[in-house]
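Working notes, structure below.
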Amino acid sequence: METKEYPVKLLVTGASGLLGSKLTKLATKKSFQVYSAYYQNTPQQGTPIQFDISKKTSTEKTFNEIKPDIVVHAAALTHVDRCETQKELAWKINVQGTENIAKLCRRNRTYLVYVSTDYVFNGEKGNYRETDLPAPINHYGTTKLKGEEYAQSLALDVCIARTSVVYGSIPATGKTNFALWLLDKLRRDEEVKIVTDQTNSPTLNTNLANMILEIVDRRLTGIYHLAGATALSRYDFAKALAEEFNLNTQLIKPVTSREIAWKAKRPRNSSLNVAKATQTLGSKPLKIHEALRELREELSLNK
Ligand SMILES: NC(=O)c1ccc[n+]([C@@H]2O[C@H](COP(=O)([O-])OP(=O)(O)OC[C@H]3O[C@@H](n4cnc5c(N)ncnc54)[C@H](OP(=O)(O)O)[C@@H]3O)[C@@H](O)[C@H]2O)c1
């Protein structure tokens, strides 16, 4: 595939989200020409572009106007319970939206990075490699996996970047993330109930964005697990956060998933094996203590 001289036009969907906001911020510094696509919340970085990815005509119009060289497709309905109760909406955004984007990438020979999830796995095994077979147990995971299939079968040059429990110092517009929510609760001296029976690979959005930008620079294709390098239960993640920020760990009370009225089932252990990313990339998946140190620094510097 031909690579162009800078400035390369990078279209990021979901640019107002937790990952997209960090990705566009870092990409702007790397002198990409950044187009920040959103639906309802105007992004802070790059040139804002509003359209609904589930609408074929508006998606096509945007592509024709911008003619992106690269698309990082991070837009999705990410609320796992909402995907379960609003299945059609989740399908429209996560599956048809991805189909629309992947078709346009094919037509325009645009390199595509599709951001996917550890929830494509059933969670019975944990430590999933890129070669393991996905088998989602909830609708969110099903739609994200179908999105992977469309991205892979339609786009010509595509990378599937699977990640897990993303957190960061800058919240997505209008919503918090697990780490910021927990720190806020503990600072107010409030007790929190956190599940012990769900294990993932918590991922700092800065670490994830840096890995994706390297993948983009090198035009890597195939599947990559881009996540934190430490598998942790949600409870242990909460404890690690509290310890890093010198907050009272006694406020964190262990519960099991059965005690929480979730609409969607959650995989028990969908942690991702990040050996491939560690071996391939210069920008490595961070271990939990490295990532939490970076989070603390970002929060203190208001980065
Ligand atoms: N967060 C996690 O823990 C996690 C874990 C694994 C994988 N992932 C994957 O990582 C990616 C990024 O996640 P995130 O946490 O950054 O997401 P997020 O904060 O929930 O943001 C979702 C983004 O999607 C956009 N969007 C939603 N519906 C849209 C539509 N119909 N048309 C256009 N844009 C639409 C939103 O735009 P507006 O805000 O403007 O409406 C927002 O920018 C997603 O693909 C997700 O599946 C996330």
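Here's how to read the names in the structure tokens: chain A, B, ... by the order shown, residue numbers from 1 in each chain, ligand numbers from 1 in the order shown.
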Determine, using only C-alpha atoms and all ligand atoms, which residues of chain A have any atom at most 8 Å from an atom of ligand 1, and tabulate each with its shortest atom pair and distance in Å to one decimal place, rows ordered by chain and then rising number, as CSV.
```
residue,atom,partner,partner_atom_place_in_ligand_line,distance
A:Thr13,CA,ligand 1,34 (N),6.2
A:Gly14,CA,ligand 1,43 (O),3.1
A:Ala15,CA,ligand 1,43 (O),4.8
A:Ser16,CA,ligand 1,43 (O),3.8
A:Gly17,CA,ligand 1,19 (O),3.3
A:Leu18,CA,ligand 1,16 (O),3.6
A:Leu19,CA,ligand 1,16 (O),3.7
A:Gly20,CA,ligand 1,16 (O),5.5
A:Ser21,CA,ligand 1,16 (O),7.6
A:Ala37,CA,ligand 1,34 (N),6.8
A:Tyr38,CA,ligand 1,40 (O),4.0
A:Tyr39,CA,ligand 1,40 (O),3.6
A:Gln40,CA,ligand 1,40 (O),3.6
A:Asn41,CA,ligand 1,40 (O),3.7
A:Thr42,CA,ligand 1,40 (O),6.1
A:Pro43,CA,ligand 1,40 (O),7.4
A:Gln50,CA,ligand 1,33 (C),7.5
A:Phe51,CA,ligand 1,33 (C),5.7
A:Asp52,CA,ligand 1,32 (N),3.5
A:Ile53,CA,ligand 1,32 (N),4.1
A:Ser54,CA,ligand 1,31 (N),5.4
A:Lys55,CA,ligand 1,31 (N),7.9
A:His73,CA,ligand 1,45 (O),6.9
A:Ala74,CA,ligand 1,45 (O),4.2
A:Ala75,CA,ligand 1,24 (O),3.3
A:Ala76,CA,ligand 1,24 (O),4.4
A:Leu77,CA,ligand 1,27 (C),5.2
A:Thr78,CA,ligand 1,20 (O),4.8
A:His79,CA,ligand 1,20 (O),6.8
A:Lys92,CA,ligand 1,31 (N),7.8
A:Ile93,CA,ligand 1,31 (N),5.1
A:Asn94,CA,ligand 1,45 (O),8.0
A:Gly97,CA,ligand 1,31 (N),7.2
A:Tyr114,CA,ligand 1,45 (O),7.3
A:Val115,CA,ligand 1,45 (O),4.8
A:Ser116,CA,ligand 1,9 (C),5.0
A:Thr117,CA,ligand 1,7 (C),3.8
A:Asp118,CA,ligand 1,6 (C),6.0
A:Tyr119,CA,ligand 1,6 (C),7.1
A:Lys144,CA,ligand 1,47 (O),6.6
A:Arg162,CA,ligand 1,7 (C),6.4
A:Thr163,CA,ligand 1,6 (C),4.6
A:Ser164,CA,ligand 1,6 (C),4.0
A:Val165,CA,ligand 1,3 (O),3.4
A:Val166,CA,ligand 1,3 (O),3.9
A:Tyr167,CA,ligand 1,3 (O),6.8
A:Pro171,CA,ligand 1,19 (O),7.8
A:Ala172,CA,ligand 1,19 (O),5.0
A:Thr173,CA,ligand 1,39 (O),6.4
A:Gly174,CA,ligand 1,39 (O),7.8
A:Lys175,CA,ligand 1,19 (O),7.6
A:Asn177,CA,ligand 1,1 (N),7.8
A:Pro202,CA,ligand 1,3 (O),7.9
A:Thr203,CA,ligand 1,3 (O),7.9
```
Going by DSSP on the backbone, which bits of range 126-187 of chain A are alpha helix (DSSP H)? Write them as a list in words, please.
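Taking range 126-187 of chain A and keeping alpha helix (DSSP H) only, one gets His139, Tyr140, Gly141, Thr142, Thr143, Lys144, Leu145, Lys146, Gly147, Glu148, Glu149, Tyr150, Ala151, Gln152, Ser153, Leu154, Phe178, Ala179, Leu180, Trp181, Leu182, Leu183, Asp184, Lys185, Leu186 and Arg187 of chain A.
Counting only C-alpha atoms and comparing A:Arg258, A:Lys87, A:Lys146, A:His139, the residue that lies closest to Thr196 in chain A is A:Arg258.
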Taking the DSSP secondary structure from the backbone, can you list the residues of range 86-215 of chain A that are strand (DSSP E), as a compact mmCIF listing (two decimals) with all heavy atoms, in the first residue's frame?
```txt
# COMPACT_ATOMS: atom_id res chain seq x y z
N TYR A 111 -6.92 2.85 4.78
CA TYR A 111 -6.47 1.95 5.86
C TYR A 111 -7.40 2.14 7.08
O TYR A 111 -7.70 3.27 7.46
CB TYR A 111 -5.02 2.29 6.20
CG TYR A 111 -4.48 1.60 7.43
CD1 TYR A 111 -4.23 0.23 7.45
CD2 TYR A 111 -4.21 2.33 8.58
CE1 TYR A 111 -3.73 -0.39 8.57
CE2 TYR A 111 -3.70 1.72 9.72
CZ TYR A 111 -3.47 0.36 9.71
OH TYR A 111 -2.98 -0.25 10.82
N LEU A 112 -7.82 1.01 7.67
CA LEU A 112 -8.81 1.08 8.76
C LEU A 112 -8.29 0.39 10.02
O LEU A 112 -7.77 -0.74 9.96
CB LEU A 112 -10.10 0.37 8.31
CG LEU A 112 -11.19 0.12 9.36
CD1 LEU A 112 -11.80 1.43 9.87
CD2 LEU A 112 -12.30 -0.78 8.79
N VAL A 113 -8.42 1.08 11.14
CA VAL A 113 -8.23 0.42 12.44
C VAL A 113 -9.60 0.37 13.11
O VAL A 113 -10.23 1.41 13.31
CB VAL A 113 -7.24 1.18 13.36
CG1 VAL A 113 -7.15 0.50 14.72
CG2 VAL A 113 -5.86 1.26 12.72
N TYR A 114 -10.05 -0.84 13.40
CA TYR A 114 -11.35 -1.02 14.07
C TYR A 114 -11.08 -1.37 15.53
O TYR A 114 -10.39 -2.35 15.83
CB TYR A 114 -12.13 -2.14 13.39
CG TYR A 114 -13.38 -2.56 14.13
CD1 TYR A 114 -14.49 -1.74 14.18
CD2 TYR A 114 -13.45 -3.79 14.79
CE1 TYR A 114 -15.64 -2.13 14.88
CE2 TYR A 114 -14.59 -4.19 15.48
CZ TYR A 114 -15.68 -3.34 15.51
OH TYR A 114 -16.81 -3.72 16.20
N VAL A 115 -11.64 -0.56 16.43
CA VAL A 115 -11.39 -0.80 17.86
C VAL A 115 -12.45 -1.76 18.39
O VAL A 115 -13.65 -1.50 18.29
CB VAL A 115 -11.39 0.52 18.66
CG1 VAL A 115 -11.02 0.24 20.11
CG2 VAL A 115 -10.41 1.53 18.05
N SER A 116 -11.99 -2.89 18.91
CA SER A 116 -12.91 -3.91 19.41
C SER A 116 -12.65 -4.19 20.89
O SER A 116 -11.95 -3.42 21.56
CB SER A 116 -12.79 -5.17 18.55
OG SER A 116 -13.85 -6.06 18.87
N THR A 117 -13.17 -5.28 21.37
CA THR A 117 -13.27 -5.47 22.81
C THR A 117 -12.94 -6.89 23.27
O THR A 117 -13.11 -7.85 22.50
CB THR A 117 -14.72 -5.13 23.26
OG1 THR A 117 -14.89 -5.50 24.63
CG2 THR A 117 -15.76 -5.87 22.44
N VAL A 158 -6.65 -3.63 7.05
CA VAL A 158 -7.38 -3.41 8.29
C VAL A 158 -6.66 -4.02 9.48
O VAL A 158 -6.07 -5.10 9.39
CB VAL A 158 -8.84 -3.95 8.17
CG1 VAL A 158 -8.88 -5.42 7.84
CG2 VAL A 158 -9.65 -3.69 9.43
N CYS A 159 -6.72 -3.28 10.59
CA CYS A 159 -6.20 -3.81 11.85
C CYS A 159 -7.35 -3.84 12.85
O CYS A 159 -8.09 -2.86 12.99
CB CYS A 159 -5.09 -2.91 12.38
SG CYS A 159 -4.44 -3.49 13.95
N ILE A 160 -7.51 -4.97 13.52
CA ILE A 160 -8.51 -5.09 14.58
C ILE A 160 -7.75 -4.91 15.90
O ILE A 160 -6.86 -5.71 16.22
CB ILE A 160 -9.18 -6.49 14.58
CG1 ILE A 160 -9.77 -6.83 13.20
CG2 ILE A 160 -10.22 -6.61 15.70
CD1 ILE A 160 -10.93 -6.00 12.76
N ALA A 161 -8.09 -3.87 16.64
CA ALA A 161 -7.39 -3.58 17.90
C ALA A 161 -8.36 -3.85 19.05
O ALA A 161 -9.27 -3.06 19.29
CB ALA A 161 -6.93 -2.13 17.91
N ARG A 162 -8.15 -4.98 19.74
CA ARG A 162 -9.07 -5.30 20.86
C ARG A 162 -8.50 -4.75 22.16
O ARG A 162 -7.31 -4.94 22.45
CB ARG A 162 -9.23 -6.82 21.01
CG ARG A 162 -9.97 -7.46 19.85
CD ARG A 162 -10.32 -8.90 20.20
NE ARG A 162 -10.85 -9.62 19.06
CZ ARG A 162 -10.39 -10.78 18.61
NH1 ARG A 162 -9.36 -11.39 19.22
NH2 ARG A 162 -10.95 -11.37 17.58
N THR A 163 -9.37 -4.10 22.92
CA THR A 163 -8.93 -3.56 24.20
C THR A 163 -9.90 -3.96 25.31
O THR A 163 -10.83 -4.73 25.08
CB THR A 163 -8.72 -2.03 24.09
OG1 THR A 163 -8.05 -1.59 25.26
CG2 THR A 163 -10.04 -1.28 23.93
N VAL A 166 -11.30 0.45 29.57
CA VAL A 166 -10.47 1.65 29.34
C VAL A 166 -10.76 2.68 30.44
O VAL A 166 -11.90 2.86 30.87
CB VAL A 166 -10.78 2.24 27.94
CG1 VAL A 166 -9.91 3.45 27.67
CG2 VAL A 166 -10.58 1.17 26.86
N TYR A 167 -9.69 3.33 30.91
CA TYR A 167 -9.84 4.42 31.88
C TYR A 167 -8.84 5.51 31.53
O TYR A 167 -7.92 5.28 30.73
CB TYR A 167 -9.63 3.91 33.32
CG TYR A 167 -8.25 3.36 33.59
CD1 TYR A 167 -7.26 4.16 34.18
CD2 TYR A 167 -7.91 2.06 33.22
CE1 TYR A 167 -5.98 3.66 34.41
CE2 TYR A 167 -6.63 1.56 33.44
CZ TYR A 167 -5.67 2.37 34.04
OH TYR A 167 -4.40 1.88 34.26
N VAL A 192 -17.92 1.72 48.37
CA VAL A 192 -18.29 1.24 47.04
C VAL A 192 -18.28 -0.29 47.04
O VAL A 192 -17.46 -0.91 47.72
CB VAL A 192 -17.31 1.75 45.95
CG1 VAL A 192 -17.48 3.24 45.69
CG2 VAL A 192 -15.86 1.45 46.30
N LYS A 193 -19.21 -0.86 46.29
CA LYS A 193 -19.25 -2.32 46.15
C LYS A 193 -18.66 -2.67 44.79
O LYS A 193 -19.17 -2.21 43.76
CB LYS A 193 -20.70 -2.81 46.21
CG LYS A 193 -21.31 -2.68 47.58
CD LYS A 193 -22.73 -3.19 47.54
CE LYS A 193 -23.34 -3.10 48.93
NZ LYS A 193 -24.76 -3.43 48.94
N ILE A 194 -17.64 -3.49 44.80
CA ILE A 194 -16.96 -3.82 43.54
C ILE A 194 -16.86 -5.33 43.39
O ILE A 194 -16.52 -6.04 44.35
CB ILE A 194 -15.54 -3.19 43.50
CG1 ILE A 194 -15.56 -1.67 43.83
CG2 ILE A 194 -14.90 -3.43 42.13
CD1 ILE A 194 -16.20 -0.78 42.81
N VAL A 195 -17.12 -5.80 42.16
CA VAL A 195 -17.17 -7.26 41.95
C VAL A 195 -15.78 -7.91 41.96
O VAL A 195 -14.81 -7.34 41.46
CB VAL A 195 -17.90 -7.65 40.65
CG1 VAL A 195 -19.38 -7.34 40.75
CG2 VAL A 195 -17.29 -6.97 39.44
N THR A 199 -12.73 -10.54 35.72
CA THR A 199 -11.33 -10.18 35.48
C THR A 199 -11.16 -9.66 34.05
O THR A 199 -11.71 -10.24 33.11
CB THR A 199 -10.43 -11.40 35.74
OG1 THR A 199 -10.56 -11.75 37.12
CG2 THR A 199 -8.97 -11.13 35.42
N ASN A 200 -10.42 -8.55 33.94
CA ASN A 200 -10.12 -7.94 32.63
C ASN A 200 -8.66 -7.50 32.61
O ASN A 200 -7.91 -7.82 33.52
CB ASN A 200 -10.99 -6.70 32.38
CG ASN A 200 -12.45 -6.92 32.55
OD1 ASN A 200 -12.95 -6.94 33.66
ND2 ASN A 200 -13.17 -7.06 31.45
N THR A 203 -6.99 -0.78 30.96
CA THR A 203 -6.13 -0.13 29.96
C THR A 203 -6.21 1.39 30.07
O THR A 203 -7.30 1.96 29.94
CB THR A 203 -6.58 -0.55 28.53
OG1 THR A 203 -6.68 -1.98 28.49
CG2 THR A 203 -5.61 -0.08 27.47
N LEU A 204 -5.07 2.02 30.28
CA LEU A 204 -5.04 3.49 30.33
C LEU A 204 -5.20 4.02 28.90
O LEU A 204 -4.48 3.58 27.99
CB LEU A 204 -3.70 3.95 30.93
CG LEU A 204 -3.52 5.46 31.06
CD1 LEU A 204 -4.50 6.05 32.09
CD2 LEU A 204 -2.08 5.79 31.45
```
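Each of A:Asp69, A:Glu244, A:Asp236, A:Glu124 was compared to Phe32 in chain A using only C-alpha atoms, and A:Asp69 turns out to be the nearest.
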Could you list, as a PyMOL selection string, every residue within 10 Å of Pro267 in chain A, counting only C-alpha atoms and ignoring same-chain residues fewer than 6 positions away?
chain A and resi 118-126+136-138+141+197-200
File dump, residues just selected, N, CA, C and O atoms, as a CSV table (one decimal), in the first residue's frame:
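Saved as part.csv:
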```csv
chain,number,residue,atom,x,y,z
A,118,ASP,N,-12.5,-7.0,24.5
A,118,ASP,CA,-12.3,-8.3,25.2
A,118,ASP,C,-13.7,-9.1,25.3
A,118,ASP,O,-13.7,-10.3,25.5
A,119,TYR,N,-14.8,-8.3,25.2
A,119,TYR,CA,-16.1,-8.9,25.4
A,119,TYR,C,-16.5,-9.8,24.2
A,119,TYR,O,-17.6,-10.3,24.2
A,120,VAL,N,-15.6,-9.9,23.2
A,120,VAL,CA,-15.9,-10.9,22.1
A,120,VAL,C,-15.7,-12.3,22.6
A,120,VAL,O,-16.1,-13.3,22.0
A,121,PHE,N,-15.0,-12.4,23.8
A,121,PHE,CA,-14.7,-13.8,24.3
A,121,PHE,C,-15.7,-14.1,25.4
A,121,PHE,O,-16.3,-13.2,26.0
A,122,ASN,N,-15.9,-15.4,25.6
A,122,ASN,CA,-16.9,-15.8,26.6
A,122,ASN,C,-16.4,-15.7,28.1
A,122,ASN,O,-17.2,-15.8,29.0
A,123,GLY,N,-15.1,-15.6,28.3
A,123,GLY,CA,-14.5,-15.4,29.6
A,123,GLY,C,-14.3,-16.6,30.4
A,123,GLY,O,-14.0,-16.6,31.6
A,124,GLU,N,-14.4,-17.8,29.8
A,124,GLU,CA,-14.2,-19.0,30.5
A,124,GLU,C,-12.8,-19.3,30.8
A,124,GLU,O,-12.4,-20.0,31.7
A,125,LYS,N,-11.9,-18.8,29.9
A,125,LYS,CA,-10.5,-19.2,30.0
A,125,LYS,C,-9.6,-18.0,30.5
A,125,LYS,O,-8.7,-18.2,31.3
A,126,GLY,N,-9.8,-16.8,30.0
A,126,GLY,CA,-8.9,-15.7,30.3
A,126,GLY,C,-7.6,-15.8,29.5
A,126,GLY,O,-7.3,-16.7,28.8
A,136,PRO,N,-19.0,-14.5,22.0
A,136,PRO,CA,-19.6,-13.5,22.9
A,136,PRO,C,-20.8,-14.1,23.7
A,136,PRO,O,-21.5,-14.9,23.2
A,137,ILE,N,-21.0,-13.6,24.9
A,137,ILE,CA,-22.1,-14.0,25.7
A,137,ILE,C,-23.1,-12.9,26.0
A,137,ILE,O,-24.1,-13.1,26.7
A,138,ASN,N,-22.9,-11.7,25.4
A,138,ASN,CA,-23.9,-10.7,25.5
A,138,ASN,C,-24.0,-9.9,24.1
A,138,ASN,O,-23.2,-10.2,23.2
A,141,GLY,N,-21.0,-7.7,22.9
A,141,GLY,CA,-19.9,-8.5,22.4
A,141,GLY,C,-20.3,-9.1,21.0
A,141,GLY,O,-19.4,-9.1,20.1
A,197,ASP,N,-15.6,-11.2,40.9
A,197,ASP,CA,-15.6,-12.3,40.0
A,197,ASP,C,-15.6,-11.9,38.5
A,197,ASP,O,-16.2,-12.6,37.7
A,198,GLN,N,-15.0,-10.8,38.2
A,198,GLN,CA,-14.9,-10.3,36.8
A,198,GLN,C,-13.4,-9.9,36.6
A,198,GLN,O,-13.0,-8.9,37.2
A,199,THR,N,-12.7,-10.5,35.7
A,199,THR,CA,-11.3,-10.2,35.5
A,199,THR,C,-11.2,-9.7,34.1
A,199,THR,O,-11.7,-10.2,33.1
A,200,ASN,N,-10.4,-8.5,33.9
A,200,ASN,CA,-10.1,-7.9,32.6
A,200,ASN,C,-8.7,-7.5,32.6
A,200,ASN,O,-7.9,-7.8,33.5
```
To one decimal place, how far is CA of Lys25 in chain A from CA of Pro285 in chain A in Å?
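So the two atoms, CA of Lys25 in chain A and CA of Pro285 in chain A, lie 19.3 Å apart.
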Can you list, as a list in words, every protein, DNA or RNA residue that comes within 9 Å of Thr110 in chain A when you count only C-alpha atoms, leaving out same-chain residues fewer than 2 positions away?
Lys67, Pro68, Asp69, Ile70, Val71, Ala102, Leu104, Cys105, Arg106, Arg107, Asn108, Leu112, Ala155, Leu156, Asp157 and Val158 of chain A
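In this model, the gap between CA of Gly147 in chain A and CA of Gly168 in chain A comes to 24.8 Å.
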Have a look at A:Gln96, A:Ser257, A:Thr131, A:Asn273 and name the one nearest to Ile223 in chain A; count only C-alpha atoms.
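The shortest atom-to-atom distance to Ile223 in chain A comes from A:Thr131.
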Who sits within 8 Å of Thr143 in chain A, only C-alpha atoms, same chain under 6 positions skipped, as a ChimeraX atom specification:
/A:90-91,94-95
I need the residues from that last selection saved to file as a CSV table (one decimal), in the first residue's frame (with all heavy atoms), if you can.
```csv
chain,number,residue,atom,x,y,z
A,90,ALA,N,-28.2,-1.0,19.1
A,90,ALA,CA,-26.8,-1.5,19.2
A,90,ALA,C,-26.4,-2.1,17.9
A,90,ALA,O,-25.2,-1.8,17.4
A,90,ALA,CB,-26.7,-2.5,20.3
A,91,TRP,N,-27.2,-2.8,17.2
A,91,TRP,CA,-26.9,-3.4,15.9
A,91,TRP,C,-26.7,-2.3,14.9
A,91,TRP,O,-25.7,-2.4,14.1
A,91,TRP,CB,-28.1,-4.3,15.5
A,91,TRP,CG,-27.7,-5.2,14.4
A,91,TRP,CD1,-27.9,-5.0,13.0
A,91,TRP,CD2,-27.0,-6.5,14.5
A,91,TRP,NE1,-27.4,-6.0,12.3
A,91,TRP,CE2,-26.8,-7.0,13.1
A,91,TRP,CE3,-26.5,-7.3,15.5
A,91,TRP,CZ2,-26.2,-8.2,12.9
A,91,TRP,CZ3,-25.9,-8.5,15.3
A,91,TRP,CH2,-25.7,-8.9,14.0
A,94,ASN,N,-23.3,-0.4,16.0
A,94,ASN,CA,-22.0,-1.2,16.1
A,94,ASN,C,-21.8,-2.1,14.9
A,94,ASN,O,-20.7,-2.3,14.5
A,94,ASN,CB,-22.0,-2.1,17.4
A,94,ASN,CG,-22.0,-1.2,18.6
A,94,ASN,OD1,-21.9,0.0,18.6
A,94,ASN,ND2,-22.2,-1.8,19.8
A,95,VAL,N,-22.9,-2.6,14.3
A,95,VAL,CA,-22.7,-3.4,13.1
A,95,VAL,C,-22.9,-2.7,11.8
A,95,VAL,O,-22.0,-2.6,11.0
A,95,VAL,CB,-23.7,-4.6,13.2
A,95,VAL,CG1,-23.5,-5.6,12.0
A,95,VAL,CG2,-23.5,-5.4,14.5
```
